[in-house]
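Peer 1: Got data-v9.pdb for you, PDB, N, CA and C atoms:
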```
MODEL        1
ATOM      1  N   MET A   1     -56.673 -50.973 -34.289  1.00  0.00           N
ATOM      2  CA  MET A   1     -57.742 -50.039 -33.971  1.00  0.00           C
ATOM      3  C   MET A   1     -59.052 -50.597 -34.535  1.00  0.00           C
ATOM      4  N   ARG A   2     -60.085 -50.537 -33.765  1.00  0.00           N
ATOM      5  CA  ARG A   2     -61.377 -51.083 -34.180  1.00  0.00           C
ATOM      6  C   ARG A   2     -62.155 -50.081 -35.005  1.00  0.00           C
ATOM      7  N   SER A   3     -63.103 -50.571 -35.765  1.00  0.00           N
ATOM      8  CA  SER A   3     -63.897 -49.736 -36.671  1.00  0.00           C
ATOM      9  C   SER A   3     -64.635 -48.621 -35.941  1.00  0.00           C
ATOM     10  N   LYS A   4     -65.220 -48.934 -34.771  1.00  0.00           N
ATOM     11  CA  LYS A   4     -65.970 -47.915 -34.033  1.00  0.00           C
ATOM     12  C   LYS A   4     -65.057 -46.783 -33.584  1.00  0.00           C
ATOM     13  N   GLU A   5     -63.851 -47.099 -33.174  1.00  0.00           N
ATOM     14  CA  GLU A   5     -62.892 -46.069 -32.753  1.00  0.00           C
ATOM     15  C   GLU A   5     -62.446 -45.225 -33.944  1.00  0.00           C
ATOM     16  N   ILE A   6     -62.240 -45.858 -35.065  1.00  0.00           N
ATOM     17  CA  ILE A   6     -61.874 -45.122 -36.279  1.00  0.00           C
ATOM     18  C   ILE A   6     -62.994 -44.171 -36.661  1.00  0.00           C
ATOM     19  N   LEU A   7     -64.239 -44.644 -36.587  1.00  0.00           N
ATOM     20  CA  LEU A   7     -65.383 -43.792 -36.913  1.00  0.00           C
ATOM     21  C   LEU A   7     -65.466 -42.602 -35.969  1.00  0.00           C
ATOM     22  N   LYS A   8     -65.279 -42.832 -34.676  1.00  0.00           N
ATOM     23  CA  LYS A   8     -65.322 -41.734 -33.705  1.00  0.00           C
ATOM     24  C   LYS A   8     -64.266 -40.684 -34.038  1.00  0.00           C
ATOM     25  N   GLN A   9     -63.077 -41.134 -34.393  1.00  0.00           N
ATOM     26  CA  GLN A   9     -62.013 -40.197 -34.738  1.00  0.00           C
ATOM     27  C   GLN A   9     -62.315 -39.478 -36.047  1.00  0.00           C
ATOM     28  N   ALA A  10     -62.862 -40.194 -37.006  1.00  0.00           N
ATOM     29  CA  ALA A  10     -63.182 -39.595 -38.300  1.00  0.00           C
ATOM     30  C   ALA A  10     -64.239 -38.508 -38.148  1.00  0.00           C
ATOM     31  N   LEU A  11     -65.195 -38.701 -37.264  1.00  0.00           N
ATOM     32  CA  LEU A  11     -66.253 -37.719 -37.066  1.00  0.00           C
ATOM     33  C   LEU A  11     -65.734 -36.428 -36.428  1.00  0.00           C
ATOM     34  N   ARG A  12     -64.550 -36.468 -35.864  1.00  0.00           N
ATOM     35  CA  ARG A  12     -63.939 -35.267 -35.295  1.00  0.00           C
ATOM     36  C   ARG A  12     -63.214 -34.436 -36.347  1.00  0.00           C
ATOM     37  N   LEU A  13     -63.053 -34.979 -37.538  1.00  0.00           N
ATOM     38  CA  LEU A  13     -62.357 -34.263 -38.608  1.00  0.00           C
ATOM     39  C   LEU A  13     -63.226 -33.141 -39.152  1.00  0.00           C
ATOM     40  N   LYS A  14     -62.577 -32.191 -39.794  1.00  0.00           N
ATOM     41  CA  LYS A  14     -63.292 -31.117 -40.479  1.00  0.00           C
ATOM     42  C   LYS A  14     -64.029 -31.725 -41.673  1.00  0.00           C
ATOM     43  N   PRO A  15     -65.117 -31.073 -42.132  1.00  0.00           N
ATOM     44  CA  PRO A  15     -65.894 -31.636 -43.254  1.00  0.00           C
ATOM     45  C   PRO A  15     -65.048 -31.971 -44.490  1.00  0.00           C
ATOM     46  N   ASP A  16     -64.110 -31.086 -44.863  1.00  0.00           N
ATOM     47  CA  ASP A  16     -63.302 -31.378 -46.055  1.00  0.00           C
ATOM     48  C   ASP A  16     -62.373 -32.565 -45.831  1.00  0.00           C
ATOM     49  N   GLU A  17     -61.912 -32.753 -44.596  1.00  0.00           N
ATOM     50  CA  GLU A  17     -61.071 -33.909 -44.290  1.00  0.00           C
ATOM     51  C   GLU A  17     -61.898 -35.190 -44.310  1.00  0.00           C
ATOM     52  N   ARG A  18     -63.135 -35.114 -43.805  1.00  0.00           N
ATOM     53  CA  ARG A  18     -64.027 -36.287 -43.850  1.00  0.00           C
ATOM     54  C   ARG A  18     -64.348 -36.658 -45.291  1.00  0.00           C
ATOM     55  N   PHE A  19     -64.552 -35.628 -46.124  1.00  0.00           N
ATOM     56  CA  PHE A  19     -64.832 -35.889 -47.538  1.00  0.00           C
ATOM     57  C   PHE A  19     -63.671 -36.646 -48.175  1.00  0.00           C
ATOM     58  N   LEU A  20     -62.444 -36.199 -47.935  1.00  0.00           N
ATOM     59  CA  LEU A  20     -61.273 -36.879 -48.501  1.00  0.00           C
ATOM     60  C   LEU A  20     -61.173 -38.320 -48.015  1.00  0.00           C
ATOM     61  N   LEU A  21     -61.506 -38.523 -46.740  1.00  0.00           N
ATOM     62  CA  LEU A  21     -61.472 -39.875 -46.176  1.00  0.00           C
ATOM     63  C   LEU A  21     -62.513 -40.768 -46.844  1.00  0.00           C
ATOM     64  N   VAL A  22     -63.729 -40.260 -46.973  1.00  0.00           N
ATOM     65  CA  VAL A  22     -64.799 -41.043 -47.607  1.00  0.00           C
ATOM     66  C   VAL A  22     -64.455 -41.332 -49.063  1.00  0.00           C
ATOM     67  N   GLU A  23     -63.974 -40.307 -49.757  1.00  0.00           N
ATOM     68  CA  GLU A  23     -63.609 -40.495 -51.161  1.00  0.00           C
ATOM     69  C   GLU A  23     -62.527 -41.573 -51.313  1.00  0.00           C
ATOM     70  N   GLY A  24     -61.545 -41.541 -50.443  1.00  0.00           N
ATOM     71  CA  GLY A  24     -60.485 -42.547 -50.483  1.00  0.00           C
ATOM     72  C   GLY A  24     -61.006 -43.946 -50.213  1.00  0.00           C
ATOM     73  N   LEU A  25     -61.925 -44.069 -49.264  1.00  0.00           N
ATOM     74  CA  LEU A  25     -62.500 -45.383 -48.959  1.00  0.00           C
ATOM     75  C   LEU A  25     -63.325 -45.911 -50.134  1.00  0.00           C
ATOM     76  N   ILE A  26     -64.135 -45.041 -50.728  1.00  0.00           N
ATOM     77  CA  ILE A  26     -64.949 -45.462 -51.866  1.00  0.00           C
ATOM     78  C   ILE A  26     -64.061 -45.876 -53.037  1.00  0.00           C
ATOM     79  N   ASN A  27     -63.041 -45.084 -53.301  1.00  0.00           N
ATOM     80  CA  ASN A  27     -62.123 -45.425 -54.399  1.00  0.00           C
ATOM     81  C   ASN A  27     -61.427 -46.755 -54.160  1.00  0.00           C
ATOM     82  N   SER A  28     -61.156 -47.081 -52.895  1.00  0.00           N
ATOM     83  CA  SER A  28     -60.490 -48.349 -52.602  1.00  0.00           C
ATOM     84  C   SER A  28     -61.397 -49.541 -52.903  1.00  0.00           C
ATOM     85  N   LEU A  29     -62.707 -49.322 -52.891  1.00  0.00           N
ATOM     86  CA  LEU A  29     -63.656 -50.397 -53.204  1.00  0.00           C
ATOM     87  C   LEU A  29     -63.891 -50.535 -54.695  1.00  0.00           C
ATOM     88  N   ASP A  30     -63.507 -49.530 -55.445  1.00  0.00           N
ATOM     89  CA  ASP A  30     -63.793 -49.497 -56.877  1.00  0.00           C
ATOM     90  C   ASP A  30     -62.526 -49.727 -57.700  1.00  0.00           C
ATOM     91  N   GLU A  31     -61.732 -50.680 -57.283  1.00  0.00           N
ATOM     92  CA  GLU A  31     -60.507 -50.979 -58.018  1.00  0.00           C
ATOM     93  C   GLU A  31     -60.841 -51.773 -59.276  1.00  0.00           C
ATOM     94  N   PRO A  32     -60.233 -51.417 -60.392  1.00  0.00           N
ATOM     95  CA  PRO A  32     -60.535 -52.128 -61.632  1.00  0.00           C
ATOM     96  C   PRO A  32     -60.067 -53.584 -61.592  1.00  0.00           C
ATOM     97  N   ASP A  33     -60.795 -54.414 -62.279  1.00  0.00           N
ATOM     98  CA  ASP A  33     -60.438 -55.824 -62.407  1.00  0.00           C
ATOM     99  C   ASP A  33     -59.733 -55.975 -63.753  1.00  0.00           C
ATOM    100  N   ARG A  34     -58.439 -56.120 -63.725  1.00  0.00           N
ATOM    101  CA  ARG A  34     -57.642 -56.154 -64.954  1.00  0.00           C
ATOM    102  C   ARG A  34     -58.049 -57.310 -65.870  1.00  0.00           C
ATOM    103  N   SER A  35     -58.457 -58.431 -65.301  1.00  0.00           N
ATOM    104  CA  SER A  35     -58.847 -59.565 -66.146  1.00  0.00           C
ATOM    105  C   SER A  35     -60.136 -59.245 -66.912  1.00  0.00           C
ATOM    106  N   LEU A  36     -61.089 -58.560 -66.249  1.00  0.00           N
ATOM    107  CA  LEU A  36     -62.310 -58.164 -66.958  1.00  0.00           C
ATOM    108  C   LEU A  36     -62.022 -57.105 -68.012  1.00  0.00           C
ATOM    109  N   ASP A  37     -61.129 -56.176 -67.703  1.00  0.00           N
ATOM    110  CA  ASP A  37     -60.750 -55.163 -68.695  1.00  0.00           C
ATOM    111  C   ASP A  37     -60.163 -55.818 -69.936  1.00  0.00           C
ATOM    112  N   ALA A  38     -59.349 -56.844 -69.746  1.00  0.00           N
ATOM    113  CA  ALA A  38     -58.733 -57.544 -70.877  1.00  0.00           C
ATOM    114  C   ALA A  38     -59.787 -58.273 -71.702  1.00  0.00           C
ATOM    115  N   ILE A  39     -60.752 -58.880 -71.043  1.00  0.00           N
ATOM    116  CA  ILE A  39     -61.823 -59.592 -71.746  1.00  0.00           C
ATOM    117  C   ILE A  39     -62.643 -58.619 -72.587  1.00  0.00           C
ATOM    118  N   TRP A  40     -63.005 -57.437 -72.007  1.00  0.00           N
ATOM    119  CA  TRP A  40     -63.785 -56.451 -72.744  1.00  0.00           C
ATOM    120  C   TRP A  40     -62.987 -55.862 -73.893  1.00  0.00           C
ATOM    121  N   ALA A  41     -61.705 -55.642 -73.691  1.00  0.00           N
ATOM    122  CA  ALA A  41     -60.870 -55.099 -74.768  1.00  0.00           C
ATOM    123  C   ALA A  41     -60.790 -56.092 -75.929  1.00  0.00           C
ATOM    124  N   GLU A  42     -60.648 -57.370 -75.609  1.00  0.00           N
ATOM    125  CA  GLU A  42     -60.602 -58.405 -76.646  1.00  0.00           C
ATOM    126  C   GLU A  42     -61.928 -58.471 -77.407  1.00  0.00           C
ATOM    127  N   GLU A  43     -63.036 -58.387 -76.679  1.00  0.00           N
ATOM    128  CA  GLU A  43     -64.360 -58.416 -77.313  1.00  0.00           C
ATOM    129  C   GLU A  43     -64.547 -57.203 -78.222  1.00  0.00           C
ATOM    130  N   ALA A  44     -64.119 -56.038 -77.767  1.00  0.00           N
ATOM    131  CA  ALA A  44     -64.239 -54.824 -78.582  1.00  0.00           C
ATOM    132  C   ALA A  44     -63.423 -54.955 -79.867  1.00  0.00           C
ATOM    133  N   GLU A  45     -62.233 -55.511 -79.778  1.00  0.00           N
ATOM    134  CA  GLU A  45     -61.398 -55.728 -80.963  1.00  0.00           C
ATOM    135  C   GLU A  45     -62.062 -56.689 -81.944  1.00  0.00           C
ATOM    136  N   LYS A  46     -62.649 -57.766 -81.424  1.00  0.00           N
ATOM    137  CA  LYS A  46     -63.349 -58.731 -82.284  1.00  0.00           C
ATOM    138  C   LYS A  46     -64.503 -58.066 -83.023  1.00  0.00           C
ATOM    139  N   ARG A  47     -65.277 -57.264 -82.293  1.00  0.00           N
ATOM    140  CA  ARG A  47     -66.421 -56.603 -82.909  1.00  0.00           C
ATOM    141  C   ARG A  47     -65.987 -55.579 -83.953  1.00  0.00           C
ATOM    142  N   LEU A  48     -64.927 -54.851 -83.668  1.00  0.00           N
ATOM    143  CA  LEU A  48     -64.422 -53.869 -84.621  1.00  0.00           C
ATOM    144  C   LEU A  48     -63.929 -54.552 -85.896  1.00  0.00           C
ATOM    145  N   LYS A  49     -63.199 -55.647 -85.753  1.00  0.00           N
ATOM    146  CA  LYS A  49     -62.707 -56.391 -86.914  1.00  0.00           C
ATOM    147  C   LYS A  49     -63.875 -56.937 -87.735  1.00  0.00           C
ATOM    148  N   ALA A  50     -64.883 -57.469 -87.056  1.00  0.00           N
ATOM    149  CA  ALA A  50     -66.058 -58.006 -87.753  1.00  0.00           C
ATOM    150  C   ALA A  50     -66.794 -56.892 -88.490  1.00  0.00           C
ATOM    151  N   TYR A  51     -66.910 -55.734 -87.881  1.00  0.00           N
ATOM    152  CA  TYR A  51     -67.580 -54.599 -88.526  1.00  0.00           C
ATOM    153  C   TYR A  51     -66.806 -54.155 -89.761  1.00  0.00           C
ATOM    154  N   ARG A  52     -65.495 -54.021 -89.608  1.00  0.00           N
ATOM    155  CA  ARG A  52     -64.664 -53.575 -90.734  1.00  0.00           C
ATOM    156  C   ARG A  52     -64.651 -54.589 -91.876  1.00  0.00           C
ATOM    157  N   ALA A  53     -64.807 -55.865 -91.545  1.00  0.00           N
ATOM    158  CA  ALA A  53     -64.821 -56.910 -92.567  1.00  0.00           C
ATOM    159  C   ALA A  53     -66.206 -57.051 -93.210  1.00  0.00           C
ATOM    160  N   GLY A  54     -67.182 -56.306 -92.687  1.00  0.00           N
ATOM    161  CA  GLY A  54     -68.528 -56.380 -93.243  1.00  0.00           C
ATOM    162  C   GLY A  54     -69.361 -57.521 -92.689  1.00  0.00           C
ATOM    163  N   ASN A  55     -68.901 -58.154 -91.632  1.00  0.00           N
ATOM    164  CA  ASN A  55     -69.625 -59.274 -91.032  1.00  0.00           C
ATOM    165  C   ASN A  55     -70.553 -58.847 -89.896  1.00  0.00           C
ATOM    166  N   LEU A  56     -70.543 -57.571 -89.581  1.00  0.00           N
ATOM    167  CA  LEU A  56     -71.350 -57.055 -88.482  1.00  0.00           C
ATOM    168  C   LEU A  56     -71.877 -55.688 -88.887  1.00  0.00           C
ATOM    169  N   GLU A  57     -73.177 -55.497 -88.734  1.00  0.00           N
ATOM    170  CA  GLU A  57     -73.780 -54.216 -89.094  1.00  0.00           C
ATOM    171  C   GLU A  57     -73.765 -53.275 -87.899  1.00  0.00           C
ATOM    172  N   GLY A  58     -73.650 -52.000 -88.185  1.00  0.00           N
ATOM    173  CA  GLY A  58     -73.732 -50.986 -87.145  1.00  0.00           C
ATOM    174  C   GLY A  58     -75.118 -50.368 -87.116  1.00  0.00           C
ATOM    175  N   SER A  59     -75.390 -49.631 -86.063  1.00  0.00           N
ATOM    176  CA  SER A  59     -76.650 -48.905 -85.928  1.00  0.00           C
ATOM    177  C   SER A  59     -76.329 -47.441 -85.683  1.00  0.00           C
ATOM    178  N   PRO A  60     -77.079 -46.539 -86.305  1.00  0.00           N
ATOM    179  CA  PRO A  60     -76.835 -45.122 -86.064  1.00  0.00           C
ATOM    180  C   PRO A  60     -77.063 -44.757 -84.598  1.00  0.00           C
ATOM    181  N   MET A  61     -76.206 -43.898 -84.078  1.00  0.00           N
ATOM    182  CA  MET A  61     -76.294 -43.497 -82.682  1.00  0.00           C
ATOM    183  C   MET A  61     -77.660 -42.899 -82.367  1.00  0.00           C
ATOM    184  N   GLU A  62     -78.193 -42.104 -83.296  1.00  0.00           N
ATOM    185  CA  GLU A  62     -79.491 -41.472 -83.081  1.00  0.00           C
ATOM    186  C   GLU A  62     -80.578 -42.520 -82.853  1.00  0.00           C
ATOM    187  N   GLU A  63     -80.474 -43.628 -83.584  1.00  0.00           N
ATOM    188  CA  GLU A  63     -81.464 -44.697 -83.450  1.00  0.00           C
ATOM    189  C   GLU A  63     -81.344 -45.388 -82.090  1.00  0.00           C
ATOM    190  N   ILE A  64     -80.130 -45.593 -81.656  1.00  0.00           N
ATOM    191  CA  ILE A  64     -79.909 -46.281 -80.385  1.00  0.00           C
ATOM    192  C   ILE A  64     -80.413 -45.448 -79.212  1.00  0.00           C
ATOM    193  N   PHE A  65     -80.154 -44.128 -79.249  1.00  0.00           N
ATOM    194  CA  PHE A  65     -80.506 -43.275 -78.122  1.00  0.00           C
ATOM    195  C   PHE A  65     -81.879 -42.609 -78.260  1.00  0.00           C
ATOM    196  N   ARG A  66     -82.595 -42.916 -79.314  1.00  0.00           N
ATOM    197  CA  ARG A  66     -83.931 -42.348 -79.491  1.00  0.00           C
ATOM    198  C   ARG A  66     -84.835 -42.856 -78.384  1.00  0.00           C
ATOM    199  N   GLU A  67     -85.609 -41.940 -77.832  1.00  0.00           N
ATOM    200  CA  GLU A  67     -86.538 -42.330 -76.767  1.00  0.00           C
ATOM    201  C   GLU A  67     -87.724 -43.060 -77.354  1.00  0.00           C
ATOM    202  N   GLU A  68     -88.160 -44.082 -76.648  1.00  0.00           N
ATOM    203  CA  GLU A  68     -89.371 -44.799 -77.046  1.00  0.00           C
ATOM    204  C   GLU A  68     -90.572 -43.916 -76.716  1.00  0.00           C
ATOM    205  N   ARG A  69     -91.485 -43.796 -77.659  1.00  0.00           N
ATOM    206  CA  ARG A  69     -92.682 -42.973 -77.394  1.00  0.00           C
ATOM    207  C   ARG A  69     -93.912 -43.801 -77.454  1.00  0.00           C
TER     208      ARG A  69
ENDMDL
END
```
Show me, as structure tokens, the structure contained in the file I just sent.
Peer 2:
Amino acid sequence: MRSKEILKQALRLKPDERFLLVEGLINSLDEPDRSLDAIWAEEAEKRLKAYRAGNLEGSPMEEIFREER
């Protein structure tokens, strides 16, 4: 089935059915990349260990999120 035919059929659906279809399509494009997740998890562990060992300083949350004036 071609894309244009699928679109024509999708437009005949009820609004809630179209919403579910769109949501499913968007979710299919947003699949997590397990290799990137592993890299970020490893980096977070390194930073936590460095902080706990006193080799890395932290910043107060209030300071980080303070608006520049």
Peer 1: Which distance in Å separates atom C of A:Ala10 and atom C of A:Val22, to one decimal?
Peer 2: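 Going from atom C of A:Ala10 over to atom C of A:Val22 covers 11.3 Å.
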Peer 1: For stretch 50-62 of chain A, I'd like the enclosing box, axis-aligned and padded by 8 Å on every side, reported as lines of an AutoDock Vina configuration file with centre and edge lengths in Å to one decimal.
Peer 2:
```
center_x = -72.6
center_y = -50.4
center_z = -87.8
size_x = 31.9
size_y = 33.8
size_z = 26.9
```
Peer 1: How far is it from atom C of A:Pro15 to atom C of A:Pro32, in Å with one decimal?
Peer 2: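 A separation of 28.0 Å between them.
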Peer 1: Determine which residues of chain A receive a DSSP assignment of alpha helix (DSSP H), computed from the backbone, and state them as a PyMOL selection string.
Peer 2: chain A and resi 3-11+15-29+34-52+61-65
Peer 1: Report, in Å with one decimal, the straight-line distance from atom C of A:Arg18 to atom C of A:Asp30.
Peer 2: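 Separation of atom C of A:Arg18 and atom C of A:Asp30: 18.1 Å.
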